>>> print(open('data.txt').read())   # compact mmCIF, C-alpha atoms and all ligand atoms
# COMPACT_ATOMS: atom_id res chain seq x y z
CA MET A 1 -5.72 29.74 -16.73
CA LYS A 2 -7.69 32.96 -17.31
CA PRO A 3 -10.84 33.48 -15.21
CA PHE A 4 -14.12 32.94 -17.04
CA THR A 5 -16.42 35.81 -16.19
CA CYS A 6 -19.47 37.40 -17.83
CA PRO A 7 -18.34 40.15 -20.24
CA ILE A 8 -21.59 42.09 -19.51
CA CYS A 9 -21.80 42.10 -15.70
CA GLY A 10 -18.56 40.42 -14.61
CA GLY A 11 -20.47 37.57 -12.93
CA LYS A 12 -19.18 34.03 -12.72
CA LEU A 13 -19.91 31.78 -15.73
CA ASN A 14 -21.36 28.35 -15.01
CA ILE A 15 -19.21 26.38 -17.41
CA ARG A 16 -20.16 22.75 -17.97
CA ILE A 17 -17.81 20.09 -19.34
CA GLY A 18 -18.33 19.54 -23.06
CA GLU A 19 -20.81 22.43 -23.47
CA ALA A 20 -20.12 25.34 -25.81
CA HIS A 21 -22.23 27.82 -23.85
CA ALA A 22 -22.18 28.92 -20.22
CA GLU A 23 -24.81 30.77 -18.27
CA CYS A 24 -23.82 33.80 -16.18
CA ASP A 25 -24.36 33.25 -12.48
CA SER A 26 -25.55 36.85 -11.97
CA CYS A 27 -27.44 38.06 -15.06
CA GLY A 28 -28.37 34.68 -16.55
CA ARG A 29 -27.14 35.51 -20.06
CA LEU A 30 -25.69 32.71 -22.16
CA HIS A 31 -22.15 33.21 -23.42
CA GLU A 32 -20.25 31.20 -25.95
CA ILE A 33 -17.07 29.54 -24.68
CA ASP A 34 -14.07 29.43 -26.98
CA ALA A 35 -14.00 26.02 -28.75
CA ALA A 36 -10.34 25.48 -27.81
CA ASP A 37 -11.19 26.07 -24.14
CA VAL A 38 -14.16 23.69 -24.31
CA GLU A 39 -11.89 21.05 -25.78
CA GLN A 40 -9.19 21.68 -23.17
CA PHE A 41 -11.65 21.38 -20.27
CA ARG A 42 -13.05 18.19 -21.75
CA LYS A 43 -9.55 16.75 -22.15
CA ILE A 44 -8.44 17.60 -18.60
CA TYR A 45 -11.67 16.14 -17.23
CA ALA A 46 -11.34 12.95 -19.29
CA ASP A 47 -7.69 12.58 -18.22
CA ALA A 48 -8.71 12.92 -14.58
CA GLU A 49 -11.42 10.28 -15.02
CA ARG A 50 -8.88 7.96 -16.62
CA LEU A 51 -6.47 8.52 -13.68
CA MET A 52 -9.29 7.83 -11.22
CA ARG A 53 -9.96 4.47 -12.87
CA GLN A 54 -6.47 3.37 -11.76
CA ASN A 55 -7.94 3.40 -8.24
CA THR A 56 -4.55 4.10 -6.66
CA VAL A 57 -3.31 6.74 -4.21
CA ALA A 58 -0.99 8.17 -6.88
CA GLY A 59 -3.77 8.09 -9.49
CA TYR A 60 -6.14 10.12 -7.31
CA GLU A 61 -3.34 12.56 -6.43
CA ASP A 62 -2.65 13.16 -10.14
CA ALA A 63 -6.37 13.45 -10.90
CA ILE A 64 -6.80 16.08 -8.15
CA ARG A 65 -3.84 18.03 -9.54
CA GLN A 66 -5.38 17.97 -13.03
CA LEU A 67 -8.84 18.94 -11.83
CA GLN A 68 -7.50 21.82 -9.76
CA THR A 69 -6.49 23.56 -13.00
CA ILE A 70 -10.21 23.71 -13.91
CA ALA A 71 -11.57 24.06 -10.36
CA PHE A 72 -13.72 27.04 -11.49
CA ILE A 73 -15.97 24.39 -13.10
CA GLY A 74 -18.52 22.87 -10.69
CA GLU A 75 -18.18 19.35 -12.12
CA ALA A 76 -14.42 19.47 -11.56
CA ARG A 77 -14.93 20.53 -7.93
CA ASP A 78 -17.32 17.59 -7.43
CA LYS A 79 -14.75 15.23 -8.92
CA ILE A 80 -12.02 16.63 -6.65
CA LYS A 81 -14.21 15.85 -3.64
CA GLU A 82 -14.79 12.33 -4.95
CA CYS A 83 -11.02 11.87 -5.47
CA GLU A 84 -10.21 13.15 -2.00
CA GLN A 85 -12.69 10.76 -0.45
CA ARG A 86 -11.35 7.74 -2.35
CA PHE A 87 -7.76 8.90 -1.68
CA ASN A 88 -8.43 9.01 2.08
CA GLU A 89 -10.07 5.58 2.01
CA LEU A 90 -7.10 4.08 0.19
CA ARG A 91 -4.63 5.76 2.57
CA ALA A 92 -6.53 4.40 5.57
CA ASN A 93 -6.45 0.88 4.08
CA GLN A 94 -2.73 1.25 3.37
CA LEU A 95 -1.99 2.27 6.97
CA GLN A 96 -4.09 -0.63 8.23
CA ARG A 97 -2.12 -3.07 6.07
CA GLN A 98 1.20 -1.62 7.28
CA GLU A 99 0.04 -2.08 10.88
CA ALA A 100 -0.97 -5.69 10.16
CA ASN A 101 2.45 -6.36 8.60
CA ARG A 102 4.18 -4.85 11.60
CA LEU A 103 2.24 -7.15 13.94
CA SER A 104 3.02 -10.26 11.87
CA ASP A 105 6.73 -9.27 11.85
CA LYS A 106 6.57 -9.13 15.62
CA ARG A 107 5.01 -12.61 15.67
CA ASN A 108 7.79 -13.92 13.40
CA THR A 109 10.41 -12.43 15.73
CA ARG A 110 8.77 -14.13 18.72
CA LEU A 111 8.74 -17.44 16.84
CA GLY A 112 12.43 -16.88 16.02
CA VAL A 113 13.25 -16.43 19.71
CA VAL A 114 11.39 -19.63 20.62
CA LEU A 115 13.28 -21.52 17.90
CA LEU A 116 16.59 -20.08 19.12
CA ILE A 117 15.96 -21.26 22.70
CA LEU A 118 14.94 -24.67 21.37
CA THR A 119 18.14 -24.80 19.29
CA VAL A 120 20.33 -23.97 22.28
CA LEU A 121 18.61 -26.61 24.42
CA LEU A 122 18.89 -29.28 21.70
CA CYS A 123 22.54 -28.41 21.01
CA ALA A 124 23.29 -28.78 24.72
CA ALA A 125 21.48 -32.13 24.73
CA ALA A 126 23.37 -33.27 21.62
CA LEU A 127 26.68 -32.23 23.19
CA ALA A 128 25.85 -34.07 26.39
CA GLY A 129 24.91 -37.08 24.29
CA ILE A 130 28.20 -37.03 22.43
CA VAL A 131 30.12 -36.80 25.69
CA TYR A 132 28.03 -39.72 26.96
CA LEU A 133 28.77 -41.70 23.79
CA ILE A 134 32.52 -41.10 24.13
CA VAL A 135 32.49 -42.13 27.80
CA ARG A 136 30.48 -45.29 27.01
CA TRP A 137 32.70 -46.08 24.02
CA VAL A 138 35.81 -45.70 26.12
CA GLN A 139 34.22 -47.96 28.75
CA GLY A 140 33.16 -50.39 25.99
CA THR A 141 29.47 -50.41 27.08
CA LEU A 142 27.86 -48.61 24.13
CA SER A 143 24.19 -49.60 23.53
CA LYS A 144 22.39 -49.35 20.18
CA GLY A 145 19.38 -47.54 21.70
CA ALA A 146 21.56 -44.81 23.21
CA VAL A 147 23.33 -44.18 19.88
CA ILE A 148 20.00 -43.85 18.02
CA THR A 149 18.51 -41.51 20.65
CA ILE A 150 21.53 -39.24 20.67
CA LEU A 151 21.80 -39.10 16.87
CA ALA A 152 18.06 -38.23 16.69
CA VAL A 153 18.53 -35.33 19.14
CA ALA A 154 21.53 -34.07 17.14
CA ALA A 155 19.50 -34.24 13.89
CA ALA A 156 16.61 -32.33 15.52
CA ALA A 157 19.06 -29.64 16.69
CA VAL A 158 20.32 -29.19 13.12
CA ILE A 159 16.78 -29.01 11.67
CA ILE A 160 15.54 -26.49 14.26
CA SER A 161 18.62 -24.32 13.74
CA VAL A 162 18.05 -24.33 9.95
CA LEU A 163 14.37 -23.36 10.50
CA GLY A 164 15.44 -20.58 12.85
CA ARG A 165 17.81 -19.20 10.26
CA LEU A 166 15.01 -19.25 7.63
CA PHE A 167 12.70 -17.29 9.95
CA SER A 168 15.25 -14.66 10.92
CA GLY A 169 16.18 -14.35 7.21
CA ARG A 170 12.55 -13.64 6.32
CA GLY A 171 12.24 -11.14 9.17
CA SER A 172 15.15 -9.01 7.97
CA ASP A 173 13.91 -9.03 4.36
CA SER A 174 10.72 -7.09 5.11
ZN ZN A 201 -23.64 38.40 -16.48
>>> encode(input="data.txt", output="structure tokens", more="lines below")
Ligand SMILES: [Zn+2]
Amino acid sequence: MKPFTCPICGGKLNIRIGEAHAECDSCGRLHEIDAADVEQFRKIYADAERLMRQNTVAGYEDAIRQLQTIAFIGEARDKIKECEQRFNELRANQLQRQEANRLSDKRNTRLGVVLLILTVLLCAAALAGIVYLIVRWVQGTLSKGAVITILAVAAAAVIISVLGRLFSGRGSDS
């Protein structure tokens, strides 16, 4: 974009969004701005405001890019600063959330390990129970209470192992 300078003294023109005239920074004369330029500035500025309303990292990035094309206008520079501030805030929140997710993943992994140990212990108990059942059956001294206890331990082993699989499945998804 061409620079907007005073045709009399070469000073910088204080262009304002939506205004057809700009005052020279050095000599104070008012100069008319081309209507097409006024409209273009207004459009870029309005686009940037619309992007900012998205309130997303990408939205602010796009808004900054737009505003940089009219950064010779004070209002655009102010908006860029505002975008950068909001952008940094959002980024900081994003990083914080990622860190929180990482910590909860770690917790899930720890829970998975506990469940795995529990599964191994219960499977061993179930196996021992089955061996015990076979021995008692062979000896012909099988008691009802022993059968129920051993079947309950075997069922618990199956349930815990299913839970463990669910947890490790969720861990690898994220
Ligand atoms: Zn001037």
>>> closest_residue(input="data.txt", among="A:Leu30, A:Ala126, A:Ile160, A:Ala76", to="Val147 in chain A", atoms="only C-alpha atoms")
A:Ala126
>>> closest_residue(input="data.txt", among="A:Thr141, A:Ser26, A:Thr56, A:Asn14", to="ligand ZN 201 (chain A)", atoms="all atoms listed in the file")
A:Ser26
>>> closest_atom_pairs(input="data.txt", of="chain A", to="ligand ZN 201 (chain A)", cutoff="9 Å", atoms="all atoms listed in the file", output="JSON lines")
{"residue": "A:Thr5", "atom": "CA", "partner": "A:ZN201", "partner_atom": "ZN", "distance": 7.7}
{"residue": "A:Cys6", "atom": "CA", "partner": "A:ZN201", "partner_atom": "ZN", "distance": 4.5}
{"residue": "A:Pro7", "atom": "CA", "partner": "A:ZN201", "partner_atom": "ZN", "distance": 6.7}
{"residue": "A:Ile8", "atom": "CA", "partner": "A:ZN201", "partner_atom": "ZN", "distance": 5.2}
{"residue": "A:Cys9", "atom": "CA", "partner": "A:ZN201", "partner_atom": "ZN", "distance": 4.2}
{"residue": "A:Gly10", "atom": "CA", "partner": "A:ZN201", "partner_atom": "ZN", "distance": 5.8}
{"residue": "A:Gly11", "atom": "CA", "partner": "A:ZN201", "partner_atom": "ZN", "distance": 4.8}
{"residue": "A:Lys12", "atom": "CA", "partner": "A:ZN201", "partner_atom": "ZN", "distance": 7.3}
{"residue": "A:Leu13", "atom": "CA", "partner": "A:ZN201", "partner_atom": "ZN", "distance": 7.6}
{"residue": "A:Glu23", "atom": "CA", "partner": "A:ZN201", "partner_atom": "ZN", "distance": 7.9}
{"residue": "A:Cys24", "atom": "CA", "partner": "A:ZN201", "partner_atom": "ZN", "distance": 4.6}
{"residue": "A:Asp25", "atom": "CA", "partner": "A:ZN201", "partner_atom": "ZN", "distance": 6.6}
{"residue": "A:Ser26", "atom": "CA", "partner": "A:ZN201", "partner_atom": "ZN", "distance": 5.1}
{"residue": "A:Cys27", "atom": "CA", "partner": "A:ZN201", "partner_atom": "ZN", "distance": 4.1}
{"residue": "A:Gly28", "atom": "CA", "partner": "A:ZN201", "partner_atom": "ZN", "distance": 6.0}
{"residue": "A:Arg29", "atom": "CA", "partner": "A:ZN201", "partner_atom": "ZN", "distance": 5.8}
{"residue": "A:Leu30", "atom": "CA", "partner": "A:ZN201", "partner_atom": "ZN", "distance": 8.3}
{"residue": "A:His31", "atom": "CA", "partner": "A:ZN201", "partner_atom": "ZN", "distance": 8.8}
>>> atom_distance(input="data.txt", atom1="CA of Asn55 in chain A", atom2="CA of Leu67 in chain A")
16.0 Å
>>> closest_residue(input="data.txt", among="A:Gln40, A:Thr119, A:Thr109, A:Gln85", to="Gln66 in chain A", atoms="only C-alpha atoms")
A:Gln40
>>> closest_residue(input="data.txt", among="A:Leu115, A:Ala58, A:Ala71, A:Ala154", to="Ile130 in chain A", atoms="only C-alpha atoms")
A:Ala154
>>> closest_residue(input="data.txt", among="A:Tyr132, A:Tyr60, A:Phe4, A:Phe72", to="Ala48 in chain A", atoms="all atoms listed in the file")
A:Tyr60
>>> atom_distance(input="data.txt", atom1="CA of Trp137 in chain A", atom2="CA of Cys123 in chain A")
20.6 Å
>>> closest_residue(input="data.txt", among="A:Val57, A:Ser161, A:Asp62, A:Gly112", to="Asn93 in chain A", atoms="only C-alpha atoms")
A:Val57
>>> atom_distance(input="data.txt", atom1="CA of Ala63 in chain A", atom2="CA of Ala35 in chain A")
23.1 Å
>>> residues_around(input="data.txt", residues="Thr149 in chain A", least_positions_apart="3", cutoff="12 Å", atoms="all atoms listed in the file", output="number ranges by chain")
A: 125-126, 128-130, 132-133, 143-146, 152-156
>>> residues_around(input="data.txt", residues="Gly18 in chain A", least_positions_apart="5", cutoff="9 Å", atoms="all atoms listed in the file", output="PyMOL selection string")
chain A and resi 38-39+41-42
>>> decode(input="data.txt", residues="range 73-85 of chain A", atoms="all heavy atoms", output="PDB file, in the first residue's frame")
ATOM      1  N   ILE A  73      -2.099   3.648  10.201  1.00  0.00           N
ATOM      2  CA  ILE A  73      -3.230   4.309  10.856  1.00  0.00           C
ATOM      3  C   ILE A  73      -3.180   3.990  12.353  1.00  0.00           C
ATOM      4  O   ILE A  73      -3.071   2.824  12.741  1.00  0.00           O
ATOM      5  CB  ILE A  73      -4.575   3.828  10.259  1.00  0.00           C
ATOM      6  CG1 ILE A  73      -4.601   4.128   8.759  1.00  0.00           C
ATOM      7  CG2 ILE A  73      -5.757   4.478  10.969  1.00  0.00           C
ATOM      8  CD1 ILE A  73      -5.805   3.590   8.031  1.00  0.00           C
ATOM      9  N   GLY A  74      -3.216   5.039  13.172  1.00  0.00           N
ATOM     10  CA  GLY A  74      -3.093   4.879  14.629  1.00  0.00           C
ATOM     11  C   GLY A  74      -4.091   3.899  15.205  1.00  0.00           C
ATOM     12  O   GLY A  74      -3.739   3.054  16.028  1.00  0.00           O
ATOM     13  N   GLU A  75      -5.357   3.988  14.767  1.00  0.00           N
ATOM     14  CA  GLU A  75      -6.392   3.090  15.297  1.00  0.00           C
ATOM     15  C   GLU A  75      -6.057   1.623  15.016  1.00  0.00           C
ATOM     16  O   GLU A  75      -6.327   0.754  15.843  1.00  0.00           O
ATOM     17  CB  GLU A  75      -7.750   3.431  14.665  1.00  0.00           C
ATOM     18  CG  GLU A  75      -8.370   4.704  15.192  1.00  0.00           C
ATOM     19  CD  GLU A  75      -9.306   5.334  14.161  1.00  0.00           C
ATOM     20  OE1 GLU A  75      -8.795   5.823  13.131  1.00  0.00           O
ATOM     21  OE2 GLU A  75     -10.517   5.329  14.374  1.00  0.00           O
ATOM     22  N   ALA A  76      -5.482   1.377  13.828  1.00  0.00           N
ATOM     23  CA  ALA A  76      -5.101   0.001  13.477  1.00  0.00           C
ATOM     24  C   ALA A  76      -3.990  -0.487  14.403  1.00  0.00           C
ATOM     25  O   ALA A  76      -4.015  -1.632  14.859  1.00  0.00           O
ATOM     26  CB  ALA A  76      -4.640  -0.061  12.022  1.00  0.00           C
ATOM     27  N   ARG A  77      -3.020   0.406  14.690  1.00  0.00           N
ATOM     28  CA  ARG A  77      -1.926   0.013  15.596  1.00  0.00           C
ATOM     29  C   ARG A  77      -2.471  -0.316  16.987  1.00  0.00           C
ATOM     30  O   ARG A  77      -2.032  -1.286  17.619  1.00  0.00           O
ATOM     31  CB  ARG A  77      -0.875   1.121  15.678  1.00  0.00           C
ATOM     32  CG  ARG A  77       0.020   1.212  14.440  1.00  0.00           C
ATOM     33  CD  ARG A  77       1.278   2.013  14.727  1.00  0.00           C
ATOM     34  NE  ARG A  77       0.976   3.384  15.113  1.00  0.00           N
ATOM     35  CZ  ARG A  77       0.754   4.381  14.232  1.00  0.00           C
ATOM     36  NH1 ARG A  77       0.812   4.130  12.936  1.00  0.00           N
ATOM     37  NH2 ARG A  77       0.494   5.591  14.660  1.00  0.00           N
ATOM     38  N   ASP A  78      -3.445   0.482  17.459  1.00  0.00           N
ATOM     39  CA  ASP A  78      -4.058   0.198  18.763  1.00  0.00           C
ATOM     40  C   ASP A  78      -4.733  -1.169  18.760  1.00  0.00           C
ATOM     41  O   ASP A  78      -4.617  -1.945  19.713  1.00  0.00           O
ATOM     42  CB  ASP A  78      -5.107   1.270  19.106  1.00  0.00           C
ATOM     43  CG  ASP A  78      -4.451   2.603  19.447  1.00  0.00           C
ATOM     44  OD1 ASP A  78      -3.216   2.604  19.680  1.00  0.00           O
ATOM     45  OD2 ASP A  78      -5.155   3.634  19.463  1.00  0.00           O
ATOM     46  N   LYS A  79      -5.437  -1.446  17.658  1.00  0.00           N
ATOM     47  CA  LYS A  79      -6.142  -2.733  17.548  1.00  0.00           C
ATOM     48  C   LYS A  79      -5.144  -3.893  17.525  1.00  0.00           C
ATOM     49  O   LYS A  79      -5.409  -4.945  18.111  1.00  0.00           O
ATOM     50  CB  LYS A  79      -6.989  -2.781  16.268  1.00  0.00           C
ATOM     51  CG  LYS A  79      -8.354  -2.149  16.437  1.00  0.00           C
ATOM     52  CD  LYS A  79      -9.358  -3.149  16.994  1.00  0.00           C
ATOM     53  CE  LYS A  79     -10.752  -2.551  17.092  1.00  0.00           C
ATOM     54  NZ  LYS A  79     -11.331  -2.596  18.423  1.00  0.00           N
ATOM     55  N   ILE A  80      -4.022  -3.702  16.824  1.00  0.00           N
ATOM     56  CA  ILE A  80      -3.002  -4.761  16.770  1.00  0.00           C
ATOM     57  C   ILE A  80      -2.539  -5.089  18.181  1.00  0.00           C
ATOM     58  O   ILE A  80      -2.436  -6.255  18.570  1.00  0.00           O
ATOM     59  CB  ILE A  80      -1.803  -4.329  15.886  1.00  0.00           C
ATOM     60  CG1 ILE A  80      -2.216  -4.329  14.403  1.00  0.00           C
ATOM     61  CG2 ILE A  80      -0.608  -5.273  16.095  1.00  0.00           C
ATOM     62  CD1 ILE A  80      -1.158  -3.795  13.463  1.00  0.00           C
ATOM     63  N   LYS A  81      -2.298  -4.029  18.972  1.00  0.00           N
ATOM     64  CA  LYS A  81      -1.862  -4.242  20.366  1.00  0.00           C
ATOM     65  C   LYS A  81      -2.912  -5.034  21.139  1.00  0.00           C
ATOM     66  O   LYS A  81      -2.587  -5.958  21.887  1.00  0.00           O
ATOM     67  CB  LYS A  81      -1.618  -2.884  21.047  1.00  0.00           C
ATOM     68  CG  LYS A  81      -0.132  -2.542  21.112  1.00  0.00           C
ATOM     69  CD  LYS A  81       0.089  -1.217  21.817  1.00  0.00           C
ATOM     70  CE  LYS A  81       0.985  -0.318  20.997  1.00  0.00           C
ATOM     71  NZ  LYS A  81       0.583   1.092  21.047  1.00  0.00           N
ATOM     72  N   GLU A  82      -4.168  -4.650  20.943  1.00  0.00           N
ATOM     73  CA  GLU A  82      -5.271  -5.336  21.628  1.00  0.00           C
ATOM     74  C   GLU A  82      -5.299  -6.814  21.223  1.00  0.00           C
ATOM     75  O   GLU A  82      -5.434  -7.695  22.075  1.00  0.00           O
ATOM     76  CB  GLU A  82      -6.577  -4.648  21.215  1.00  0.00           C
ATOM     77  CG  GLU A  82      -7.729  -4.851  22.177  1.00  0.00           C
ATOM     78  CD  GLU A  82      -8.996  -4.174  21.650  1.00  0.00           C
ATOM     79  OE1 GLU A  82      -8.890  -3.009  21.199  1.00  0.00           O
ATOM     80  OE2 GLU A  82     -10.053  -4.820  21.674  1.00  0.00           O
ATOM     81  N   CYS A  83      -5.152  -7.067  19.909  1.00  0.00           N
ATOM     82  CA  CYS A  83      -5.143  -8.447  19.404  1.00  0.00           C
ATOM     83  C   CYS A  83      -3.997  -9.242  20.011  1.00  0.00           C
ATOM     84  O   CYS A  83      -4.179 -10.381  20.435  1.00  0.00           O
ATOM     85  CB  CYS A  83      -4.970  -8.465  17.878  1.00  0.00           C
ATOM     86  SG  CYS A  83      -6.438  -8.015  16.970  1.00  0.00           S
ATOM     87  N   GLU A  84      -2.817  -8.621  20.042  1.00  0.00           N
ATOM     88  CA  GLU A  84      -1.639  -9.327  20.557  1.00  0.00           C
ATOM     89  C   GLU A  84      -1.843  -9.707  22.019  1.00  0.00           C
ATOM     90  O   GLU A  84      -1.487 -10.812  22.437  1.00  0.00           O
ATOM     91  CB  GLU A  84      -0.390  -8.456  20.383  1.00  0.00           C
ATOM     92  CG  GLU A  84       0.147  -8.502  18.965  1.00  0.00           C
ATOM     93  CD  GLU A  84       1.220  -7.457  18.695  1.00  0.00           C
ATOM     94  OE1 GLU A  84       1.433  -6.568  19.542  1.00  0.00           O
ATOM     95  OE2 GLU A  84       1.838  -7.538  17.622  1.00  0.00           O
ATOM     96  N   GLN A  85      -2.453  -8.787  22.754  1.00  0.00           N
ATOM     97  CA  GLN A  85      -2.684  -9.058  24.174  1.00  0.00           C
ATOM     98  C   GLN A  85      -3.651 -10.232  24.356  1.00  0.00           C
ATOM     99  O   GLN A  85      -3.378 -11.169  25.111  1.00  0.00           O
ATOM    100  CB  GLN A  85      -3.244  -7.806  24.833  1.00  0.00           C
ATOM    101  CG  GLN A  85      -3.075  -7.837  26.343  1.00  0.00           C
ATOM    102  CD  GLN A  85      -3.807  -6.668  27.001  1.00  0.00           C
ATOM    103  OE1 GLN A  85      -4.123  -5.670  26.335  1.00  0.00           O
ATOM    104  NE2 GLN A  85      -4.070  -6.794  28.271  1.00  0.00           N
TER     105      GLN A  85
END
